[in-house]
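Enquirer: Below is query.tsv; it holds TSV, C-alpha atoms.
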chain	number	residue	atom	x	y	z
A	1009	MET	CA	204.78	10.73	213.81
A	1010	HIS	CA	202.19	13.38	214.54
A	1011	LYS	CA	204.16	15.90	212.44
A	1012	VAL	CA	204.23	13.46	209.53
A	1013	ARG	CA	200.46	12.91	209.68
A	1014	SER	CA	199.89	16.66	209.94
A	1015	TRP	CA	202.12	17.32	206.94
A	1016	LEU	CA	200.34	14.68	204.86
A	1017	ALA	CA	196.96	16.13	205.81
A	1018	ASN	CA	197.91	19.73	205.05
A	1019	TYR	CA	199.62	19.01	201.76
A	1020	TRP	CA	197.58	16.10	200.47
A	1021	GLU	CA	197.00	17.71	197.07
A	1022	LEU	CA	200.71	18.34	196.54
A	1023	ASN	CA	201.59	14.86	197.78
A	1024	SER	CA	199.02	13.29	195.47
A	1025	LEU	CA	200.35	15.17	192.43
A	1026	SER	CA	203.92	14.27	193.37
A	1027	LEU	CA	203.02	10.60	193.70
A	1028	MET	CA	201.20	10.63	190.37
A	1029	GLY	CA	204.22	12.29	188.75
A	1030	LEU	CA	206.60	9.67	190.14
A	1031	ILE	CA	204.36	6.83	188.99
A	1032	GLY	CA	204.03	8.39	185.54
A	1033	LEU	CA	207.80	8.89	185.28
A	1034	PHE	CA	208.44	5.30	186.36
A	1035	ALA	CA	205.93	3.95	183.84
A	1036	PHE	CA	207.41	6.08	181.04
A	1037	LEU	CA	211.06	5.18	181.64
A	1038	TRP	CA	210.33	1.45	181.97
A	1039	PHE	CA	207.93	1.39	179.00
A	1040	ARG	CA	209.06	-1.32	176.53
A	1041	LEU	CA	212.43	-1.39	178.26
A	1042	ALA	CA	213.13	-5.02	177.35
A	1043	SER	CA	211.22	-5.25	174.07
A	1044	ILE	CA	212.32	-2.05	172.32
A	1045	THR	CA	215.17	-4.03	170.73
A	1046	LYS	CA	215.28	-7.68	169.75
A	1047	GLY	CA	218.68	-8.35	171.21
A	1048	PHE	CA	221.57	-7.21	173.37
A	1049	SER	CA	224.23	-4.73	172.37
A	1050	PRO	CA	227.86	-6.00	172.70
A	1051	SER	CA	228.27	-4.29	176.08
A	1052	GLU	CA	224.95	-5.65	177.34
A	1053	LEU	CA	225.86	-9.12	176.13
A	1054	ALA	CA	229.12	-8.96	178.08
A	1055	VAL	CA	227.18	-8.08	181.25
A	1056	HIS	CA	224.65	-10.84	180.54
A	1057	THR	CA	227.46	-13.40	180.16
A	1058	GLN	CA	229.08	-12.30	183.41
A	1059	LEU	CA	225.76	-12.52	185.24
A	1060	GLU	CA	225.21	-16.06	183.96
A	1061	SER	CA	228.66	-17.08	185.20
A	1062	HIS	CA	228.10	-15.40	188.60
A	1063	THR	CA	231.06	-13.06	188.16
A	1064	TYR	CA	229.97	-10.28	190.50
A	1065	THR	CA	231.38	-11.53	193.77
A	1066	ILE	CA	232.95	-9.50	196.57
A	1067	LEU	CA	236.37	-10.29	195.14
A	1068	TYR	CA	235.26	-8.92	191.75
A	1069	PHE	CA	234.04	-5.69	193.40
A	1070	TRP	CA	237.37	-5.29	195.14
A	1071	HIS	CA	239.25	-5.43	191.83
A	1072	HIS	CA	236.68	-3.36	189.84
A	1073	LEU	CA	235.96	-0.31	191.99
A	1074	LEU	CA	235.45	2.18	189.17
A	1075	ASN	CA	231.77	3.06	188.72
A	1076	ALA	CA	231.07	1.25	191.98
A	1077	PRO	CA	227.34	2.20	192.18
A	1078	TYR	CA	226.71	0.56	188.81
A	1079	THR	CA	228.73	-2.52	189.71
A	1080	PHE	CA	226.81	-2.76	192.97
A	1081	GLY	CA	223.57	-2.73	190.98
A	1082	LEU	CA	224.83	-5.63	188.86
A	1083	GLY	CA	225.72	-7.54	192.00
A	1084	LEU	CA	222.23	-6.90	193.33
A	1085	ILE	CA	220.42	-8.31	190.30
A	1086	GLU	CA	222.82	-11.28	190.26
A	1087	HIS	CA	221.87	-11.97	193.88
A	1088	PHE	CA	218.26	-12.36	192.76
A	1089	HIS	CA	219.32	-14.50	189.75
A	1090	LEU	CA	218.19	-11.93	187.18
A	1091	ASP	CA	220.08	-11.71	183.90
A	1092	GLY	CA	217.50	-10.69	181.30
A	1093	PRO	CA	217.37	-7.41	179.34
A	1094	LEU	CA	214.83	-5.87	181.73
A	1095	ALA	CA	217.04	-6.40	184.77
A	1096	ILE	CA	220.26	-5.32	183.04
A	1097	ARG	CA	218.72	-2.14	181.63
A	1098	SER	CA	216.83	-1.33	184.82
A	1099	ILE	CA	220.04	-0.31	186.61
A	1100	GLY	CA	220.80	2.56	184.24
A	1101	THR	CA	217.11	3.41	184.01
A	1102	PHE	CA	216.93	3.69	187.79
A	1103	PHE	CA	219.86	6.11	187.75
A	1104	GLY	CA	217.99	8.05	185.06
A	1105	PHE	CA	214.86	8.04	187.23
A	1106	LEU	CA	216.80	9.63	190.10
A	1107	THR	CA	218.42	12.09	187.68
A	1108	VAL	CA	215.03	13.37	186.51
A	1109	ILE	CA	213.85	13.80	190.11
A	1110	LEU	CA	216.92	15.85	190.98
A	1111	PHE	CA	216.57	17.88	187.77
A	1112	PHE	CA	212.99	18.73	188.70
A	1113	TYR	CA	214.05	19.66	192.22
A	1114	LEU	CA	216.78	22.01	191.02
A	1115	THR	CA	214.64	23.73	188.39
A	1116	TRP	CA	211.79	24.03	190.89
A	1117	ARG	CA	214.07	25.73	193.40
A	1118	TRP	CA	215.50	28.08	190.78
A	1119	PHE	CA	212.59	28.82	188.45
A	1120	GLY	CA	209.31	27.75	190.09
A	1121	ASN	CA	206.63	25.13	189.46
A	1122	LEU	CA	205.66	25.81	185.85
A	1123	VAL	CA	209.17	26.00	184.44
A	1124	ALA	CA	210.21	22.94	186.46
A	1125	VAL	CA	207.41	20.85	184.96
A	1126	LEU	CA	207.99	22.04	181.38
A	1127	ALA	CA	211.78	21.67	181.53
A	1128	THR	CA	211.57	18.25	183.16
A	1129	VAL	CA	209.20	16.99	180.46
A	1130	ILE	CA	211.57	17.84	177.60
A	1131	PHE	CA	214.57	16.64	179.63
A	1132	ALA	CA	213.14	13.22	180.50
A	1133	ASP	CA	211.66	12.71	177.02
A	1134	ASN	CA	214.73	13.80	175.07
A	1135	PHE	CA	216.11	11.21	172.65
A	1136	TRP	CA	219.65	11.65	173.99
A	1137	PHE	CA	218.48	11.05	177.57
A	1138	LEU	CA	216.37	8.00	176.71
A	1139	LEU	CA	219.12	6.47	174.59
A	1140	SER	CA	221.70	6.91	177.35
A	1141	THR	CA	219.64	5.85	180.38
A	1142	ARG	CA	217.64	2.96	178.96
A	1143	ASP	CA	220.78	1.14	177.84
A	1144	GLY	CA	222.41	-1.57	179.93
A	1145	THR	CA	225.57	0.45	180.53
A	1146	ASP	CA	226.90	2.84	183.17
A	1147	ILE	CA	226.45	6.02	181.08
A	1148	SER	CA	223.39	7.25	183.00
A	1149	LEU	CA	225.43	7.18	186.21
A	1150	TYR	CA	227.25	10.29	184.98
A	1151	GLY	CA	224.04	12.28	184.65
A	1152	LEU	CA	223.03	11.34	188.18
A	1153	ALA	CA	226.50	12.22	189.50
A	1154	VAL	CA	226.34	15.69	187.94
A	1155	MET	CA	222.88	16.35	189.36
A	1156	LEU	CA	224.02	15.24	192.82
A	1157	MET	CA	227.03	17.54	192.59
A	1158	VAL	CA	224.86	20.54	191.67
A	1159	ALA	CA	222.28	19.66	194.34
A	1160	CYS	CA	225.05	19.66	196.94
A	1161	GLY	CA	225.40	23.37	196.26
A	1162	LEU	CA	221.85	23.88	197.51
A	1163	ILE	CA	222.23	21.55	200.47
A	1164	ILE	CA	225.34	23.35	201.74
A	1165	ARG	CA	223.33	26.59	201.97
A	1166	ARG	CA	220.60	25.12	204.16
A	1167	LYS	CA	220.66	26.32	207.76
A	1168	SER	CA	218.52	23.56	209.27
A	1169	HIS	CA	220.00	20.15	210.18
A	1170	ARG	CA	223.47	21.44	209.37
A	1171	ASN	CA	225.37	18.50	210.87
A	1172	LEU	CA	223.29	15.98	208.96
A	1173	ASN	CA	223.61	17.98	205.74
A	1174	ILE	CA	227.41	18.07	205.98
A	1175	LEU	CA	227.51	14.35	206.69
A	1176	GLY	CA	225.39	13.70	203.61
A	1177	LEU	CA	227.67	15.88	201.49
A	1178	VAL	CA	230.75	13.99	202.69
A	1179	VAL	CA	229.18	10.62	201.87
A	1180	ILE	CA	227.99	11.78	198.42
A	1181	THR	CA	231.40	13.26	197.61
A	1182	ALA	CA	233.23	10.11	198.66
A	1183	VAL	CA	230.96	7.88	196.56
A	1184	LEU	CA	231.17	10.12	193.48
A	1185	ILE	CA	234.97	9.90	193.54
A	1186	TYR	CA	234.60	6.28	192.37
A	1187	ILE	CA	233.18	7.52	189.05
A	1188	PRO	CA	235.88	8.29	186.44
A	1189	GLY	CA	236.32	12.00	185.85
A	1190	MET	CA	233.94	13.12	188.59
A	1191	ILE	CA	236.81	14.24	190.80
A	1192	TRP	CA	237.22	17.26	188.49
A	1193	PHE	CA	233.53	18.18	188.74
A	1194	LEU	CA	233.68	17.86	192.52
A	1195	ALA	CA	236.71	20.13	192.60
A	1196	LEU	CA	234.85	22.58	190.37
A	1197	GLY	CA	231.85	22.58	192.70
A	1198	ALA	CA	234.09	23.01	195.73
A	1199	ILE	CA	235.73	26.06	194.16
A	1200	PHE	CA	232.42	27.83	193.59
A	1201	GLN	CA	231.05	26.82	197.01
A	1202	ARG	CA	234.28	27.33	198.96
A	1203	LYS	CA	232.91	30.18	201.11
A	1204	HIS	CA	229.87	28.20	202.21
A	1205	ILE	CA	231.93	25.05	202.78
A	1206	LEU	CA	234.43	26.89	204.98
A	1207	GLU	CA	231.62	28.56	206.94
A	1208	GLU	CA	229.92	25.22	207.59
A	1209	LEU	CA	233.16	23.54	208.64
A	1210	LYS	CA	233.98	26.39	211.03
A	1211	SER	CA	230.58	25.99	212.67
A	1212	LEU	CA	231.27	22.32	213.48
A	1213	SER	CA	233.03	21.05	216.54
A	1214	ALA	CA	236.50	19.51	216.26
A	1215	LYS	CA	235.10	16.08	217.17
A	1216	TYR	CA	232.49	16.22	214.43
A	1217	GLN	CA	235.08	17.35	211.90
A	1218	LEU	CA	237.20	14.35	212.87
A	1219	LEU	CA	234.15	12.10	212.46
A	1220	LEU	CA	233.54	13.49	208.96
A	1221	PHE	CA	237.17	12.87	208.02
A	1222	ILE	CA	236.98	9.27	209.28
A	1223	VAL	CA	233.74	8.64	207.35
A	1224	PHE	CA	235.27	10.05	204.18
A	1225	LEU	CA	238.46	8.04	204.64
A	1226	VAL	CA	236.58	4.79	205.26
A	1227	ILE	CA	234.56	5.19	202.06
A	1228	VAL	CA	237.50	6.10	199.80
A	1229	ALA	CA	240.01	3.71	201.45
A	1230	PRO	CA	239.32	0.83	199.01
A	1231	MET	CA	239.97	3.13	196.05
A	1232	LEU	CA	243.17	4.45	197.63
A	1233	TYR	CA	244.39	0.90	198.17
A	1234	SER	CA	243.42	-0.01	194.61
A	1235	ILE	CA	245.46	2.91	193.26
A	1236	TYR	CA	248.38	1.90	195.47
A	1237	SER	CA	248.33	-1.69	194.18
A	1238	THR	CA	247.49	-0.74	190.56
A	1239	PRO	CA	248.68	2.82	189.82
A	1240	SER	CA	247.21	2.78	186.30
A	1241	ILE	CA	243.72	3.02	187.82
A	1242	ALA	CA	244.51	6.61	188.74
A	1243	LYS	CA	244.49	7.53	185.04
A	1244	GLN	CA	240.97	6.20	184.61
A	1245	LEU	CA	239.84	7.84	187.83
A	1246	ILE	CA	240.76	11.29	186.57
A	1247	GLY	CA	239.11	10.63	183.21
A	1248	LEU	CA	242.14	9.75	181.10
A	1249	PRO	CA	242.12	6.71	178.78
A	1250	MET	CA	244.24	3.68	179.60
A	1251	ASN	CA	245.63	3.81	176.08
A	1252	SER	CA	246.05	7.36	174.88
A	1253	ILE	CA	244.64	8.31	171.49
A	1254	GLY	CA	246.28	10.62	168.99
A	1255	TYR	CA	245.85	14.39	168.98
A	1256	HIS	CA	244.02	14.20	165.67
A	1257	GLN	CA	241.37	11.95	167.22
A	1258	LYS	CA	241.09	14.19	170.29
A	1259	ILE	CA	240.56	17.25	168.11
A	1260	SER	CA	238.03	15.32	166.03
A	1261	ASN	CA	236.11	14.31	169.18
A	1262	PHE	CA	236.21	17.90	170.40
A	1263	ILE	CA	234.73	19.20	167.14
A	1264	HIS	CA	232.13	16.45	166.82
A	1265	TYR	CA	230.54	17.31	170.18
A	1266	PRO	CA	228.92	20.63	169.17
A	1267	LEU	CA	228.17	19.23	165.72
A	1268	SER	CA	226.22	16.35	167.26
A	1269	LEU	CA	224.21	18.80	169.37
A	1270	PHE	CA	223.15	21.20	166.64
A	1271	ILE	CA	223.91	19.78	163.20
A	1272	ASN	CA	224.58	16.04	162.87
A	1273	GLY	CA	223.74	13.59	165.67
A	1274	SER	CA	225.32	10.64	163.87
A	1275	TYR	CA	228.56	11.40	165.71
A	1276	LEU	CA	226.86	10.28	168.94
A	1277	GLN	CA	228.11	6.95	170.23
A	1278	GLY	CA	225.18	4.53	170.32
A	1279	GLY	CA	223.48	5.75	167.17
A	1280	SER	CA	220.92	8.34	166.17
A	1281	ILE	CA	218.18	8.82	163.62
A	1282	GLY	CA	220.05	9.54	160.43
A	1283	ARG	CA	221.78	12.90	160.70
A	1284	LEU	CA	219.28	14.50	163.07
A	1285	PRO	CA	220.96	16.59	165.80
A	1286	LEU	CA	220.46	15.77	169.46
A	1287	LEU	CA	218.71	19.07	170.20
A	1288	ASP	CA	215.56	20.19	168.42
A	1289	ILE	CA	214.81	23.74	167.22
A	1290	PHE	CA	212.80	24.68	170.32
A	1291	SER	CA	215.58	23.49	172.61
A	1292	ASP	CA	218.13	25.41	170.53
A	1293	VAL	CA	216.17	28.64	170.92
A	1294	MET	CA	215.59	28.10	174.64
A	1295	LEU	CA	219.29	27.29	175.08
A	1296	ALA	CA	220.22	30.58	173.38
A	1297	LEU	CA	217.77	32.50	175.61
A	1298	GLY	CA	219.05	30.65	178.67
A	1299	ILE	CA	222.64	31.54	177.84
A	1300	TYR	CA	221.71	35.19	177.34
A	1301	TRP	CA	219.70	35.43	180.56
A	1302	SER	CA	222.21	33.49	182.64
A	1303	PHE	CA	225.41	35.11	181.42
A	1304	VAL	CA	224.25	38.64	180.57
A	1305	ALA	CA	221.23	39.46	182.71
A	1306	HIS	CA	222.03	37.38	185.81
A	1307	ARG	CA	225.64	36.58	186.60
A	1308	LEU	CA	225.18	33.96	189.31
A	1309	ASP	CA	227.60	31.41	190.75
A	1310	ARG	CA	225.48	28.58	189.44
A	1311	THR	CA	225.82	30.03	185.93
A	1312	LYS	CA	229.61	29.85	186.18
A	1313	LEU	CA	229.34	26.30	187.51
A	1314	ILE	CA	227.15	25.26	184.57
A	1315	ALA	CA	229.45	26.94	182.02
A	1316	PHE	CA	232.62	25.38	183.39
A	1317	GLY	CA	230.80	22.05	183.84
A	1318	ILE	CA	229.92	21.94	180.13
A	1319	LEU	CA	233.46	22.91	179.14
A	1320	LEU	CA	234.99	20.35	181.50
A	1321	GLY	CA	232.71	17.56	180.27
A	1322	TRP	CA	233.40	18.57	176.68
A	1323	ILE	CA	237.16	18.31	177.20
A	1324	LEU	CA	237.10	15.07	179.21
A	1325	SER	CA	234.79	13.31	176.74
A	1326	SER	CA	237.15	14.30	173.90
A	1327	LEU	CA	240.15	12.57	175.46
A	1328	GLY	CA	238.85	9.08	174.68
A	1329	GLY	CA	238.49	7.94	178.29
A	1330	ASP	CA	235.48	6.63	180.17
A	1331	VAL	CA	233.73	10.02	180.51
A	1332	PRO	CA	230.82	10.20	178.02
A	1333	THR	CA	229.42	13.33	176.40
A	1334	PHE	CA	226.20	12.58	178.32
A	1335	VAL	CA	227.85	14.13	181.39
A	1336	THR	CA	227.17	17.56	179.86
A	1337	MET	CA	223.47	16.99	179.14
A	1338	PRO	CA	222.10	18.00	182.59
A	1339	PHE	CA	224.06	21.26	182.41
A	1340	ILE	CA	222.71	22.02	178.93
A	1341	PHE	CA	219.12	21.40	179.97
A	1342	LEU	CA	219.50	23.59	183.05
A	1343	LEU	CA	220.30	26.39	180.60
A	1344	ILE	CA	217.28	25.38	178.51
A	1345	ALA	CA	215.16	25.63	181.66
A	1346	ALA	CA	216.58	29.12	182.22
A	1347	GLY	CA	215.57	29.99	178.65
A	1348	ILE	CA	211.98	28.86	179.26
A	1349	ALA	CA	211.90	30.90	182.48
A	1350	TYR	CA	213.21	33.97	180.65
A	1351	LEU	CA	210.67	33.58	177.83
A	1352	LEU	CA	207.74	33.37	180.27
A	1353	LYS	CA	209.13	36.23	182.34
A	1354	GLN	CA	209.34	38.49	179.31
A	1355	TRP	CA	205.83	37.56	178.21
A	1356	PHE	CA	204.39	38.21	181.67
A	1357	SER	CA	206.20	41.55	181.88
A	1358	VAL	CA	204.50	42.66	178.64
A	1359	PHE	CA	201.09	41.60	179.96
A	1360	PRO	CA	201.36	42.06	183.73
A	1361	ARG	CA	197.62	42.37	184.42
A	1362	ASN	CA	195.94	40.73	181.45
A	1363	PRO	CA	194.96	37.21	182.54
A	1364	LEU	CA	193.87	36.20	179.03
A	1365	ALA	CA	197.19	37.20	177.47
A	1366	ARG	CA	199.14	35.57	180.27
A	1367	SER	CA	197.16	32.35	179.90
A	1368	THR	CA	197.59	32.44	176.13
A	1369	GLY	CA	201.36	32.71	176.46
A	1370	THR	CA	201.47	29.88	178.96
A	1371	VAL	CA	199.33	27.65	176.73
A	1372	LEU	CA	201.52	28.37	173.69
A	1373	VAL	CA	204.69	27.42	175.57
A	1374	CYS	CA	203.01	24.28	176.89
A	1375	LEU	CA	201.95	23.33	173.37
A	1376	ALA	CA	205.50	23.87	172.13
A	1377	VAL	CA	206.85	21.63	174.89
A	1378	ALA	CA	204.22	19.00	174.12
A	1379	SER	CA	205.18	19.00	170.44
A	1380	VAL	CA	208.87	18.63	171.36
A	1381	ALA	CA	208.03	15.77	173.71
A	1382	PHE	CA	206.02	14.00	171.00
A	1383	TYR	CA	208.85	14.51	168.50
A	1384	HIS	CA	211.44	12.87	170.75
A	1385	TYR	CA	209.01	10.11	171.79
A	1386	ASP	CA	208.44	9.27	168.14
A	1387	GLN	CA	212.16	9.52	167.42
A	1388	TYR	CA	213.17	7.07	170.15
A	1389	PHE	CA	210.26	4.63	170.48
A	1390	VAL	CA	209.13	4.47	166.83
A	1391	ALA	CA	212.05	5.27	164.54
A	1392	TRP	CA	215.23	4.36	166.43
A	1393	PRO	CA	214.52	0.61	166.98
A	1394	HIS	CA	214.25	0.12	163.20
A	1395	THR	CA	217.34	1.97	162.03
A	1396	ILE	CA	220.13	-0.05	160.42
A	1397	THR	CA	222.61	1.02	163.10
A	1398	THR	CA	220.31	-0.11	165.90
A	1399	LEU	CA	219.55	-3.45	164.26
A	1400	GLN	CA	223.25	-4.10	163.73
A	1401	THR	CA	224.26	-3.01	167.24
A	1402	TYR	CA	221.52	-4.88	169.13
A	1403	SER	CA	221.83	-8.06	167.06
A	1404	ARG	CA	222.61	-10.55	169.87
A	1405	LEU	CA	219.17	-12.12	170.31
A	1406	TYR	CA	217.86	-12.63	173.86
As structure tokens, please, write out the structure in this file.
Expert:
Amino acid sequence: MHKVRSWLANYWELNSLSLMGLIGLFAFLWFRLASITKGFSPSELAVHTQLESHTYTILYFWHHLLNAPYTFGLGLIEHFHLDGPLAIRSIGTFFGFLTVILFFYLTWRWFGNLVAVLATVIFADNFWFLLSTRDGTDISLYGLAVMLMVACGLIIRRKSHRNLNILGLVVITAVLIYIPGMIWFLALGAIFQRKHILEELKSLSAKYQLLLFIVFLVIVAPMLYSIYSTPSIAKQLIGLPMNSIGYHQKISNFIHYPLSLFINGSYLQGGSIGRLPLLDIFSDVMLALGIYWSFVAHRLDRTKLIAFGILLGWILSSLGGDVPTFVTMPFIFLLIAAGIAYLLKQWFSVFPRNPLARSTGTVLVCLAVASVAFYHYDQYFVAWPHTITTLQTYSRLY
């Protein structure tokens, strides 16, 4: 307790700023959450109907284990007799809230305070992110799952509290397996972190290794039984659709993904503003710089993980299964953060000792980020609710 009080006293400024940031993020993500549309979408209406009929019982959970964290959230709001748009959309928004926190943590560890703040602002305020997380569906769960998977790569390298860290990794891995398609991302992360994982396991006692195996088995046992009783669930678990689509549609989905990012966002499921792409010009430039710096100047393991993560998400989302294209967004914005870091690094290297020039460069980048944030805020909160697609989709009045 004394250590906690000492830490709070020594870092009160940092703690105050962190608390203000969390409050601001919470207020922003929940702003007009229920009133931004006049009705439910078809998927939200289905959830609303199930909540009214008290569907989410223990028996229901047992037979619907896919996306278990989201289903658990629905069961929680049903327990408190909440079935309105605010409650239904709050589950995905909460996952988005945690996703932003993890994104800030990762960019802070990799690029420092300034880049972390700037990258997090354009990440959390992006139209694609807001559209996916503030909807009453399980899409935002995929963004959180990806961020947890990447964060595990940092946790496995920590030397303090090693036993507790490994236990946390085992629990996170076991839970993420319940999300369709995430087993491939976990395998990808394990491949790139195999040396550190093997080192940590070798440092543990045989009894603790057995304990970890039992914990993992207990968590995944319901899913294993579900696959045994209903083998078709295995297809969904690995990201394949229950009913396969034709190769023409798969190729079309594969091509539409990059087009929606850079040329025409109307291919995005859930709607967009006309034909506007998901990424703005500033993000495009920072993405290009991030790719150059990450793949040419600095060939790091995390760069390979991000590259293969985007490719894997691109392929899985093209197959027509449950994996959405949103699963690639955190990877893309990690590259955008790298681009911002590279831009500032180059500017500071040109003016290493000129405080005025350094400040000018920082202010210009901040202004660019602010303009991007305002653009996406206006796109989502002002324009999107009044588009024909939005009015037709969210037409089931509360």
Enquirer: To one decimal place, how far is atom CA of Ala1198 of chain A from atom CA of Ala1124 of chain A in Å?
Expert: 25.6 Å
Enquirer: Considering all atoms listed in the file, state which residue in the set A:Tyr1402, A:Trp1118, A:Phe1224, A:Trp1392 is at the smallest distance from Ser1302 of chain A.
Expert: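 With all atoms listed in the file as the atom set, the closest residue is A:Trp1118.
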Enquirer: For segment 1215-1326 of chain A versus segment 1356-1378 of chain A, which residues have an atom no more than 12 Å away, and what is each residue's nearest atom pair and distance in Å rounded to one decimal, using all atoms listed in the file, chain-then-number order, as CSV?
Expert:
residue,atom,partner,partner_atom,distance
A:Asp1288,CA,A:Val1377,CA,10.9
A:Ile1289,CA,A:Ala1376,CA,10.5
A:Phe1290,CA,A:Ala1376,CA,7.6
A:Ser1291,CA,A:Val1377,CA,9.2
A:Val1293,CA,A:Ala1376,CA,11.8
A:Met1294,CA,A:Val1377,CA,10.9
Enquirer: Please work out which residues fall within 12 Å of (234.8, 18.6, 192.0), coordinates as given in the file, with all atoms listed in the file counting, and return them as a PyMOL selection string.
Expert: chain A and resi 1153-1154+1156-1158+1160-1161+1180-1182+1184-1185+1187-1202+1246+1313+1316-1317+1320-1321
Enquirer: Within 12 Å of (210.8, 7.6, 171.1), all atoms listed in the file: residues as a PyMOL selection string?
Expert: chain A and resi 1036-1037+1039-1041+1044+1132-1139+1142+1280-1281+1380-1394
Enquirer: How would the residues just chosen look if you wrote them out with C-alpha atoms as a compact mmCIF listing (two decimals), in the coordinates of the input?
Expert:
# COMPACT_ATOMS: atom_id res chain seq x y z
CA PHE A 1036 207.41 6.08 181.04
CA LEU A 1037 211.06 5.18 181.64
CA PHE A 1039 207.93 1.39 179.00
CA ARG A 1040 209.06 -1.32 176.53
CA LEU A 1041 212.43 -1.39 178.26
CA ILE A 1044 212.32 -2.05 172.32
CA ALA A 1132 213.14 13.22 180.50
CA ASP A 1133 211.66 12.71 177.02
CA ASN A 1134 214.73 13.80 175.07
CA PHE A 1135 216.11 11.21 172.65
CA TRP A 1136 219.65 11.65 173.99
CA PHE A 1137 218.48 11.05 177.57
CA LEU A 1138 216.37 8.00 176.71
CA LEU A 1139 219.12 6.47 174.59
CA ARG A 1142 217.64 2.96 178.96
CA SER A 1280 220.92 8.34 166.17
CA ILE A 1281 218.18 8.82 163.62
CA VAL A 1380 208.87 18.63 171.36
CA ALA A 1381 208.03 15.77 173.71
CA PHE A 1382 206.02 14.00 171.00
CA TYR A 1383 208.85 14.51 168.50
CA HIS A 1384 211.44 12.87 170.75
CA TYR A 1385 209.01 10.11 171.79
CA ASP A 1386 208.44 9.27 168.14
CA GLN A 1387 212.16 9.52 167.42
CA TYR A 1388 213.17 7.07 170.15
CA PHE A 1389 210.26 4.63 170.48
CA VAL A 1390 209.13 4.47 166.83
CA ALA A 1391 212.05 5.27 164.54
CA TRP A 1392 215.23 4.36 166.43
CA PRO A 1393 214.52 0.61 166.98
CA HIS A 1394 214.25 0.12 163.20
